[in-house]
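Participant: coords-v9.cif is reproduced in full below (mmCIF, C-alpha atoms).
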```cif
data_target
#
loop_
_atom_site.label_atom_id
_atom_site.label_comp_id
_atom_site.auth_asym_id
_atom_site.auth_seq_id
_atom_site.Cartn_x
_atom_site.Cartn_y
_atom_site.Cartn_z
CA MET D 14 -13.44 62.82 61.51
CA VAL D 15 -11.85 59.44 60.87
CA THR D 16 -11.65 57.26 63.98
CA PRO D 17 -7.99 56.84 64.99
CA LYS D 18 -6.44 53.41 65.37
CA LYS D 19 -5.00 52.40 68.74
CA THR D 20 -1.38 52.57 67.65
CA PRO D 21 1.57 54.83 68.51
CA GLY D 22 1.10 58.22 66.93
CA ALA D 23 -2.60 57.54 66.44
CA GLY D 24 -3.49 61.17 67.10
CA ARG D 25 -1.17 62.48 64.39
CA ARG D 26 -2.29 59.72 62.03
CA ALA D 27 -5.93 60.69 62.51
CA GLU D 28 -5.08 64.34 61.85
CA LEU D 29 -3.37 63.37 58.60
CA LEU D 30 -6.34 61.27 57.51
CA ALA D 31 -8.68 64.17 58.24
CA THR D 32 -6.44 66.47 56.19
CA ALA D 33 -6.30 63.96 53.34
CA ALA D 34 -10.09 63.60 53.42
CA ASP D 35 -10.51 67.37 53.10
CA VAL D 36 -8.08 67.52 50.18
CA PHE D 37 -9.63 64.56 48.35
CA ALA D 38 -13.08 66.12 48.78
CA GLU D 39 -11.91 69.51 47.60
CA LEU D 40 -9.63 68.60 44.68
CA GLY D 41 -10.76 65.12 43.70
CA TYR D 42 -8.88 61.87 44.12
CA ASN D 43 -6.97 61.91 40.82
CA ALA D 44 -5.85 65.52 41.19
CA THR D 45 -4.53 64.93 44.71
CA THR D 46 -0.96 63.77 45.25
CA VAL D 47 0.87 62.71 48.39
CA ARG D 48 2.80 65.97 48.13
CA THR D 49 -0.45 67.94 48.05
CA ILE D 50 -1.60 66.28 51.26
CA ALA D 51 1.80 66.72 52.90
CA ASP D 52 1.89 70.41 51.99
CA ARG D 53 -1.58 70.92 53.47
CA ALA D 54 -0.46 69.09 56.62
CA GLY D 55 2.71 71.20 56.86
CA MET D 56 5.17 68.35 56.44
CA LEU D 57 7.49 66.82 53.85
CA ALA D 58 6.05 64.23 51.50
CA GLY D 59 8.65 61.73 52.68
CA SER D 60 7.47 62.15 56.26
CA LEU D 61 3.93 61.28 55.25
CA TYR D 62 5.15 57.90 54.05
CA TYR D 63 6.09 57.13 57.65
CA HIS D 64 2.35 56.87 58.35
CA PHE D 65 0.93 55.68 55.00
CA ASP D 66 2.42 53.83 52.07
CA SER D 67 0.29 55.60 49.42
CA LYS D 68 -2.62 57.90 48.81
CA GLU D 69 -4.65 54.76 48.03
CA SER D 70 -4.11 53.63 51.63
CA MET D 71 -5.36 56.96 52.92
CA ALA D 72 -8.47 56.93 50.72
CA ASP D 73 -9.13 53.32 51.70
CA GLU D 74 -9.04 54.09 55.43
CA ILE D 75 -11.18 57.21 55.02
CA LEU D 76 -13.90 55.45 53.03
CA SER D 77 -13.89 52.19 54.97
CA ALA D 78 -14.18 54.06 58.31
CA PHE D 79 -17.19 55.98 57.01
CA LEU D 80 -18.91 52.87 55.63
CA THR D 81 -18.21 50.85 58.78
CA ASP D 82 -19.89 53.49 60.93
CA LEU D 83 -22.75 53.90 58.46
CA TRP D 84 -23.52 50.18 58.32
CA ASP D 85 -23.23 49.81 62.07
CA GLY D 86 -25.95 52.47 62.37
CA TYR D 87 -28.10 50.92 59.66
CA ARG D 88 -27.78 47.50 61.31
CA ARG D 89 -29.00 48.90 64.64
CA THR D 90 -31.95 50.47 62.83
CA GLU D 91 -32.92 47.22 61.13
CA GLU D 92 -32.59 45.26 64.36
CA ALA D 93 -34.79 47.72 66.27
CA GLY D 94 -37.97 46.08 64.93
CA LEU D 95 -39.51 49.36 63.78
CA GLY D 96 -42.36 49.70 61.30
CA PRO D 97 -41.56 50.69 57.70
CA ARG D 98 -42.23 54.41 58.13
CA GLU D 99 -40.21 54.59 61.37
CA THR D 100 -37.41 52.58 59.74
CA PHE D 101 -37.41 54.99 56.79
CA GLU D 102 -37.20 57.98 59.12
CA GLU D 103 -34.40 56.46 61.18
CA LEU D 104 -32.38 55.47 58.10
CA VAL D 105 -32.52 59.06 56.86
CA THR D 106 -31.57 60.35 60.31
CA GLU D 107 -28.66 57.91 60.57
CA SER D 108 -27.46 58.97 57.13
CA PHE D 109 -27.32 62.59 58.26
CA ARG D 110 -25.62 61.63 61.52
CA GLN D 111 -22.85 59.94 59.57
CA MET D 112 -22.70 62.87 57.17
CA ALA D 113 -22.03 65.09 60.18
CA ARG D 114 -19.22 62.77 61.32
CA HIS D 115 -17.73 61.96 57.91
CA ARG D 116 -18.76 64.78 55.56
CA PRO D 117 -15.51 64.81 53.48
CA ALA D 118 -15.69 61.01 53.14
CA VAL D 119 -19.29 61.29 51.91
CA VAL D 120 -18.21 63.83 49.29
CA ILE D 121 -15.40 61.52 48.18
CA TYR D 122 -17.80 58.58 48.02
CA GLN D 123 -20.25 60.59 45.93
CA LYS D 124 -17.62 61.79 43.48
CA GLU D 125 -15.22 58.88 43.30
CA ALA D 126 -16.91 55.60 44.30
CA ARG D 127 -17.78 54.48 40.78
CA ARG D 128 -14.25 55.08 39.52
CA LEU D 129 -12.47 53.66 42.57
CA ALA D 130 -14.67 50.56 42.66
CA ALA D 131 -13.04 49.43 39.42
CA GLN D 132 -9.88 48.75 41.47
CA GLU D 133 -9.72 45.50 43.44
CA ARG D 134 -8.77 47.32 46.60
CA PHE D 135 -11.96 49.38 46.50
CA ARG D 136 -14.34 46.65 45.32
CA TYR D 137 -16.19 46.95 48.62
CA LEU D 138 -17.58 50.30 47.44
CA ALA D 139 -19.69 48.54 44.80
CA ASP D 140 -20.75 45.94 47.37
CA SER D 141 -21.84 48.68 49.74
CA HIS D 142 -23.83 50.39 47.00
CA GLU D 143 -25.72 47.15 46.35
CA ARG D 144 -26.38 46.62 50.06
CA PHE D 145 -27.68 50.16 50.26
CA ARG D 146 -30.08 49.55 47.36
CA GLU D 147 -31.31 46.30 48.90
CA LEU D 148 -31.88 47.88 52.32
CA TRP D 149 -33.90 50.82 51.02
CA THR D 150 -35.83 48.66 48.57
CA ARG D 151 -36.71 46.22 51.34
CA THR D 152 -37.93 49.07 53.55
CA LEU D 153 -40.07 50.56 50.79
CA GLU D 154 -41.54 47.16 49.89
CA ARG D 155 -42.47 46.55 53.53
CA GLY D 156 -44.21 49.92 53.60
CA VAL D 157 -46.22 49.19 50.46
CA ALA D 158 -47.16 45.74 51.79
CA ASP D 159 -48.53 47.00 55.12
CA GLY D 160 -50.16 50.15 53.72
CA SER D 161 -47.68 52.66 55.19
CA PHE D 162 -46.73 53.75 51.65
CA ARG D 163 -48.91 54.08 48.56
CA ARG D 164 -49.66 50.87 46.69
CA GLU D 165 -48.77 52.47 43.30
CA LEU D 166 -45.34 53.57 44.53
CA ASP D 167 -42.62 53.00 41.92
CA ILE D 168 -40.04 51.53 44.25
CA PRO D 169 -36.92 51.77 42.00
CA VAL D 170 -37.68 55.43 41.22
CA THR D 171 -38.42 56.20 44.87
CA TYR D 172 -35.19 54.53 45.97
CA ARG D 173 -33.13 56.62 43.53
CA PHE D 174 -34.93 59.80 44.58
CA VAL D 175 -34.31 59.19 48.27
CA ARG D 176 -30.69 58.12 47.73
CA ASP D 177 -29.81 61.16 45.66
CA THR D 178 -31.83 63.60 47.74
CA VAL D 179 -30.16 62.54 50.98
CA TRP D 180 -26.55 62.14 49.93
CA VAL D 181 -26.28 65.16 47.65
CA ALA D 182 -26.79 67.20 50.84
CA ALA D 183 -23.12 66.56 51.61
CA VAL D 184 -22.32 69.29 49.09
CA TRP D 185 -23.88 71.99 51.27
CA PHE D 186 -24.39 70.43 54.71
CA ARG D 187 -22.05 71.67 57.44
CA PRO D 188 -22.09 70.01 60.88
CA TRP D 189 -21.41 73.37 62.52
CA GLY D 190 -24.35 75.08 60.79
CA SER D 191 -27.48 76.46 62.43
CA ARG D 192 -29.39 73.16 62.11
CA THR D 193 -28.31 69.80 63.48
CA ALA D 194 -28.19 66.64 61.43
CA SER D 195 -31.32 65.36 63.19
CA GLU D 196 -33.23 68.58 62.46
CA ILE D 197 -32.37 68.46 58.77
CA ALA D 198 -33.24 64.75 58.62
CA GLN D 199 -36.63 65.53 60.14
CA GLN D 200 -37.29 68.13 57.43
CA TYR D 201 -36.24 65.65 54.73
CA THR D 202 -38.45 62.84 55.97
CA SER D 203 -41.39 65.19 56.41
CA MET D 204 -41.07 66.45 52.82
CA VAL D 205 -40.64 62.96 51.37
CA LEU D 206 -43.35 61.24 53.39
CA ASP D 207 -45.89 64.04 53.76
CA GLY D 208 -45.07 66.41 50.88
CA ILE D 209 -44.78 70.18 50.95
CA ALA D 210 -48.28 71.19 49.79
CA THR D 211 -50.94 72.14 52.31
CA ARG D 212 -53.93 69.85 52.51
CA PRO D 213 -57.38 71.23 51.65
CA VAL D 214 -59.50 71.94 54.68
CA ALA D 215 -62.47 69.60 54.83
CA ARG D 216 -65.80 71.41 54.53
#
```
If you convert what's in this file into structure tokens, what do you get?
Facilitator:
Amino acid sequence: MVTPKKTPGAGRRAELLATAADVFAELGYNATTVRTIADRAGMLAGSLYYHFDSKESMADEILSAFLTDLWDGYRRTEEAGLGPRETFEELVTESFRQMARHRPAVVIYQKEARRLAAQERFRYLADSHERFRELWTRTLERGVADGSFRRELDIPVTYRFVRDTVWVAAVWFRPWGSRTASEIAQQYTSMVLDGIATRPVAR
């Protein structure tokens, strides 16, 4: 859910942002109109303009709230002074935590970021993508350097694999499901770092 601002009517505003996020994720940004969001919220389109001046404003707040929380979590992970493997595990876990909090925003980001980033207002989406690449690349390079990860690791390919494997989970992940975000993250990191094949028993 999007974090409400400390302003009059903040509760209603947050509800409307959550509704807009669900509609954007379901229908796509271009196919969604202010009227569509207002109808889903049970109000007139004109009343929605009391809270937001455009659907661009709504999408901006939804995405920026998600990315602010995500990067706050990533910053804490980097500042924790963990080894490369532990950093990798915690970055995956933090990604799933934020997916649990902002799942519609993650879906919007996955589907729309490239297109929206072409607009000046959403240029920060491209900046965030580059920061994400640098962070994961740096973590993988540290792991190769200290022997935590294989020396022959193709870092660009590994980065793309991890990025896509983690974030595509937003399509099926539900915070209210039978497994928590941390449990799913643990399964992901185990499969990526240790594989899924059993190891031969030494004779």
Participant: Which is closest to Thr81 in chain D among D:Ala158, D:Ala118, D:Ile197, D:Val170, if we use all atoms listed in the file?
Facilitator: D:Ala118
Participant: Could you state the separation of CA of Val36 in chain D and CA of Pro117 in chain D in Å, given to one decimal place?
Facilitator: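 Taking CA of Val36 in chain D and CA of Pro117 in chain D, their separation equals 8.6 Å.
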Participant: Please identify every residue of range 25-47 of chain D that has at least one atom no farther than 9 Å from an atom of range 68-79 of chain D, counting only C-alpha atoms, and for each give the shortest atom pair and the distance in Å to one decimal, arranged by chain then increasing number, as JSON lines.
Facilitator:
```
{"residue": "D:Leu29", "atom": "CA", "partner": "D:Met71", "partner_atom": "CA", "distance": 8.8}
{"residue": "D:Leu30", "atom": "CA", "partner": "D:Met71", "partner_atom": "CA", "distance": 6.4}
{"residue": "D:Ala31", "atom": "CA", "partner": "D:Ile75", "partner_atom": "CA", "distance": 8.1}
{"residue": "D:Ala33", "atom": "CA", "partner": "D:Met71", "partner_atom": "CA", "distance": 7.1}
{"residue": "D:Ala34", "atom": "CA", "partner": "D:Ile75", "partner_atom": "CA", "distance": 6.7}
{"residue": "D:Phe37", "atom": "CA", "partner": "D:Ala72", "partner_atom": "CA", "distance": 8.1}
{"residue": "D:Tyr42", "atom": "CA", "partner": "D:Ala72", "partner_atom": "CA", "distance": 8.3}
{"residue": "D:Thr45", "atom": "CA", "partner": "D:Lys68", "partner_atom": "CA", "distance": 8.4}
{"residue": "D:Thr46", "atom": "CA", "partner": "D:Lys68", "partner_atom": "CA", "distance": 7.1}
{"residue": "D:Val47", "atom": "CA", "partner": "D:Lys68", "partner_atom": "CA", "distance": 6.0}
```
Participant: If I take CA of Ala23 in chain D and CA of Leu61 in chain D, how far is one from the other in Å, to one decimal?
Facilitator: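 A separation of 13.5 Å between them.
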Participant: Can you work out which one of D:Leu138, D:Phe174, D:Gln111, D:Thr32 has the shortest atom-to-atom distance to Glu125 in chain D, counting all atoms listed in the file?
Facilitator: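 The closest residue to Glu125 in chain D is D:Leu138.
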Participant: Find the residue from D:Gly24, D:Gly41, D:Arg48, D:Phe109 that sits nearest to Arg128 in chain D; use all atoms listed in the file when measuring.
Facilitator: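 The answer is D:Gly41, which sits nearest to Arg128 in chain D.
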Participant: In Å, rounded to a single decimal, give me how far CA of Thr106 in chain D is from CA of Gln199 in chain D.
Facilitator: 7.2 Å
Participant: When distances are computed from only C-alpha atoms, which of D:Gly55, D:Thr211, D:Leu80, D:Asp159 shows the smallest separation from Ala139 in chain D?
Facilitator: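 Comparing D:Gly55, D:Thr211, D:Leu80, D:Asp159 against Ala139 in chain D, the winner is D:Leu80.
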Participant: Pick from D:Ala182, D:Ala58, D:Leu148, D:Leu153: nearest to Arg98 in chain D, with only C-alpha atoms counted?
Facilitator: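 Of D:Ala182, D:Ala58, D:Leu148, D:Leu153, the one nearest Arg98 in chain D is D:Leu153, counting only C-alpha atoms.
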Participant: For a quick check of understanding, using only C-alpha atoms, which of D:Leu57, D:Leu206, D:Glu28, D:Leu83 has the smallest distance to Met112 in chain D?
Facilitator: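 Among the listed residues, the smallest separation from Met112 in chain D belongs to D:Leu83.
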